[in-house]
Every structure is written in structure tokens, then in C-alpha cells.
Amino acid sequence: MNSIERRTFIKGLAILGVALAAPGLLRPVRGLAAGASSGFARLTLSEDEWRARLTQEQFRVLRHEDTEPAGSSPLNKEYREGVYACAGCDLELFTSKTKFDSGTGWPSFYAPIEGRVETKADYWLILPRTEYHCARCGGHQGHVFDDGPKPTGLRYCNNGVALRFTPAG
């Protein structure tokens, strides 16, 4: 077993432990329209084109649905006004007005910009979760949970490496 396989295995065991200890944390969010059509023209590139466009870590997260380590993104502590766009195609996904500190170690938002993300059920951990992707390039952003603040009650838990922040003004 190489180091990447070992890391993935250990990460899976840790997440499974969390799921067993707190089963409500890893369940699909009800009421989200899975795969809703966004109206954006798809950006489709070859694997080589994606590799040339993205860093190695961005490629793993956006194209292979990996997860960056908690607390590793400087965007988690970004508090300026601005917009958060997909690192793969620059589609604006979130505004700073919907960002909040979830205490999870990942940038979190209570709502995306309407029509900018698409959801699907994720069974990687056996227990279903709701995964979301950029509506233009399909890049994996993170997972959405129903433990967020008002007004939506949702927490879009995003990989910071999958985002680019542009300050307002």
C-alpha cells in the first residue's frame, strides 16, 4: 500500500468513525434538486488540459473529488468582502455575504449564487452525503450539510483549493 492509498484508507476510517458516532452529520440534504440544470455552457477539457490549467492539489480536488486537509486553506480565514469563484473555470459560486465560520476548518457558506452549483448523492463513505460541483466545469467543490445558520440552515463546506477569491472594489 503506497502513501496515498494509506492516507485515503486512514481518512476513510476517520470519517467512518465520525459517521458512526454522529450519524446525522453524514446524510443527504433533503430538498436540494440533484443535478439541476444551470443553463451554463459546459467547459469540457481533456485530462491533460486540466493538468496544465490546475495545480496538482487543485486537480486532485476538482477533477478527482479529493478533499484538502482541514485548516489548510487561507480562504478559511478570509473575511474581506468579495466573491469566491471556481478555481477551474472562474465561475463565481459564492459571495462573502454568505460566508461564515463553521469551525470545521474549511471555508463554509450558507448559500451559493443561484444556479452556480449542481448537487448529487455521494456514497463514497457508504453513507450518503450531498456533494456539489461547479455548474460550468463540473469541478468538485465539497459537500453540503443541513447544520448551517439561518436563513437556509445549510452549510456548503468547500475545499479552499477549489476556489479563487477576488476582493470587492
# chains A, B, ... in the order shown; residues from 1 in each chain; ligands from 1

call {"tool": "residues_around", "arguments": {"residues": "Val61 of chain A", "least_positions_apart": "3", "cutoff": "8 Å", "atoms": "only C-alpha atoms", "output": "PyMOL selection string"}}
result
chain A and resi 57-58+64-68+139-141+159+161-162

call {"tool": "closest_atom_pairs", "arguments": {"of": "segment 98-119 of chain A", "to": "segment 72-91 of chain A", "cutoff": "8 Å", "atoms": "only C-alpha atoms", "output": "CSV"}}
result
residue,atom,partner,partner_atom,distance
A:Asp101,CA,A:Asn76,CA,7.7
A:Gly105,CA,A:Asn76,CA,6.6
A:Trp106,CA,A:Asn76,CA,5.5
A:Pro107,CA,A:Asn76,CA,4.4
A:Ser108,CA,A:Asn76,CA,7.7
A:Arg116,CA,A:Leu91,CA,7.5

call {"tool": "residues_around", "arguments": {"residues": "Leu43 of chain A", "least_positions_apart": "6", "cutoff": "9 Å", "atoms": "only C-alpha atoms", "output": "list in words"}}
result
Cys89, Arg136, Cys137 and Gly138 of chain A

call {"tool": "atom_distance", "arguments": {"atom1": "atom CA of Val117 of chain A", "atom2": "atom CA of Thr104 of chain A"}}
result
20.9 Å

call {"tool": "residues_around", "arguments": {"residues": "Arg51 of chain A", "least_positions_apart": "2", "cutoff": "12 Å", "atoms": "only C-alpha atoms", "output": "PyMOL selection string"}}
result
chain A and resi 45-49+53-64+88

call {"tool": "residues_around", "arguments": {"residues": "His143 of chain A", "least_positions_apart": "3", "cutoff": "12 Å", "atoms": "only C-alpha atoms", "output": "JSON, numbers by chain"}}
result
{"A": [25, 26, 27, 28, 29, 65, 66, 67, 106, 107, 108, 109, 110, 117, 118, 119, 120, 121, 122, 123, 124, 128, 129, 130, 131, 132, 133, 134, 140, 146, 147, 154, 155, 156, 157, 158, 159]}

call {"tool": "write_last_selection", "arguments": {"atoms": "N, CA and C atoms", "output": "CSV table (one decimal), in the first residue's frame"}}
result
chain,number,residue,atom,x,y,z
A,25,LEU,N,-24.6,13.7,10.8
A,25,LEU,CA,-23.7,14.5,10.1
A,25,LEU,C,-23.6,14.1,8.7
A,26,LEU,N,-23.7,12.8,8.4
A,26,LEU,CA,-23.4,12.4,7.0
A,26,LEU,C,-24.7,11.8,6.4
A,27,ARG,N,-25.5,12.6,6.0
A,27,ARG,CA,-26.8,12.2,5.3
A,27,ARG,C,-27.1,13.2,4.2
A,28,PRO,N,-27.8,12.8,3.2
A,28,PRO,CA,-28.1,13.7,2.1
A,28,PRO,C,-29.0,14.8,2.6
A,29,VAL,N,-28.8,16.0,2.0
A,29,VAL,CA,-29.7,17.1,2.4
A,29,VAL,C,-31.0,17.0,1.6
A,65,GLU,N,-12.3,14.6,-7.0
A,65,GLU,CA,-13.2,14.6,-5.8
A,65,GLU,C,-12.4,14.3,-4.5
A,66,ASP,N,-11.2,14.7,-4.4
A,66,ASP,CA,-10.4,14.6,-3.2
A,66,ASP,C,-10.8,15.7,-2.2
A,67,THR,N,-10.3,15.6,-1.0
A,67,THR,CA,-10.5,16.7,0.0
A,67,THR,C,-9.2,17.1,0.5
A,106,TRP,N,-12.8,24.3,7.0
A,106,TRP,CA,-13.0,24.6,5.6
A,106,TRP,C,-13.8,25.8,5.4
A,107,PRO,N,-13.6,26.6,4.3
A,107,PRO,CA,-14.5,27.7,4.0
A,107,PRO,C,-15.9,27.2,3.9
A,108,SER,N,-16.8,27.9,4.6
A,108,SER,CA,-18.2,27.5,4.6
A,108,SER,C,-19.2,28.6,4.2
A,109,PHE,N,-20.2,28.3,3.5
A,109,PHE,CA,-21.2,29.3,3.0
A,109,PHE,C,-22.6,28.7,3.3
A,110,TYR,N,-23.6,29.6,3.5
A,110,TYR,CA,-24.9,29.1,3.7
A,110,TYR,C,-25.7,29.1,2.5
A,117,VAL,N,-24.1,26.0,-8.7
A,117,VAL,CA,-23.6,24.7,-8.3
A,117,VAL,C,-24.7,23.7,-8.6
A,118,GLU,N,-24.3,22.5,-8.8
A,118,GLU,CA,-25.2,21.3,-9.0
A,118,GLU,C,-24.8,20.3,-8.0
A,119,THR,N,-25.8,19.5,-7.5
A,119,THR,CA,-25.6,18.5,-6.5
A,119,THR,C,-25.9,17.1,-7.0
A,120,LYS,N,-25.3,16.2,-6.2
A,120,LYS,CA,-25.5,14.8,-6.5
A,120,LYS,C,-25.3,14.0,-5.2
A,121,ALA,N,-25.9,12.8,-5.1
A,121,ALA,CA,-25.6,12.0,-3.9
A,121,ALA,C,-24.3,11.4,-4.0
A,122,ASP,N,-23.6,11.3,-2.9
A,122,ASP,CA,-22.2,10.8,-2.8
A,122,ASP,C,-22.3,9.6,-1.9
A,123,TYR,N,-21.9,8.4,-2.3
A,123,TYR,CA,-21.9,7.2,-1.5
A,123,TYR,C,-20.5,6.7,-1.2
A,124,TRP,N,-19.5,7.5,-1.4
A,124,TRP,CA,-18.1,7.1,-1.2
A,124,TRP,C,-17.9,6.5,0.2
A,128,PRO,N,-24.8,8.0,2.6
A,128,PRO,CA,-25.0,9.0,1.6
A,128,PRO,C,-24.8,10.4,2.1
A,129,ARG,N,-24.1,11.3,1.3
A,129,ARG,CA,-24.0,12.7,1.5
A,129,ARG,C,-24.4,13.4,0.3
A,130,THR,N,-24.5,14.8,0.4
A,130,THR,CA,-24.8,15.6,-0.8
A,130,THR,C,-23.5,16.3,-1.2
A,131,GLU,N,-23.1,16.0,-2.4
A,131,GLU,CA,-21.9,16.6,-3.0
A,131,GLU,C,-22.3,17.7,-3.9
A,132,TYR,N,-21.5,18.7,-4.1
A,132,TYR,CA,-21.8,19.7,-5.1
A,132,TYR,C,-20.6,20.1,-5.9
A,133,HIS,N,-20.9,20.5,-7.1
A,133,HIS,CA,-19.9,20.8,-8.2
A,133,HIS,C,-20.2,22.1,-8.8
A,134,CYS,N,-19.2,22.7,-9.5
A,134,CYS,CA,-19.4,23.9,-10.3
A,134,CYS,C,-20.3,23.6,-11.4
A,140,HIS,N,-15.4,19.4,-8.6
A,140,HIS,CA,-15.8,19.1,-7.2
A,140,HIS,C,-15.5,20.3,-6.3
A,146,ASP,N,-27.0,20.0,6.4
A,146,ASP,CA,-28.1,20.8,6.9
A,146,ASP,C,-27.9,21.3,8.4
A,147,ASP,N,-26.7,21.6,8.7
A,147,ASP,CA,-26.4,22.1,10.0
A,147,ASP,C,-25.8,23.6,10.0
A,154,LEU,N,-28.3,25.7,5.8
A,154,LEU,CA,-27.3,24.8,5.1
A,154,LEU,C,-25.9,25.2,5.3
A,155,ARG,N,-25.0,24.3,5.2
A,155,ARG,CA,-23.6,24.6,5.2
A,155,ARG,C,-22.9,24.0,4.0
A,156,TYR,N,-22.5,24.8,3.1
A,156,TYR,CA,-21.7,24.4,1.9
A,156,TYR,C,-20.3,24.4,2.3
A,157,CYS,N,-19.7,23.2,2.6
A,157,CYS,CA,-18.4,23.0,3.1
A,157,CYS,C,-17.5,22.9,1.9
A,158,ASN,N,-16.7,23.9,1.6
A,158,ASN,CA,-15.9,24.0,0.4
A,158,ASN,C,-14.4,23.7,0.6
A,159,ASN,N,-13.8,23.0,-0.4
A,159,ASN,CA,-12.4,22.9,-0.4
A,159,ASN,C,-11.8,24.3,-0.8

call {"tool": "closest_residue", "arguments": {"among": "A:Ala135, A:Leu93, A:Ala111, A:Ala41", "to": "Lys150 of chain A", "atoms": "only C-alpha atoms"}}
result
A:Ala111
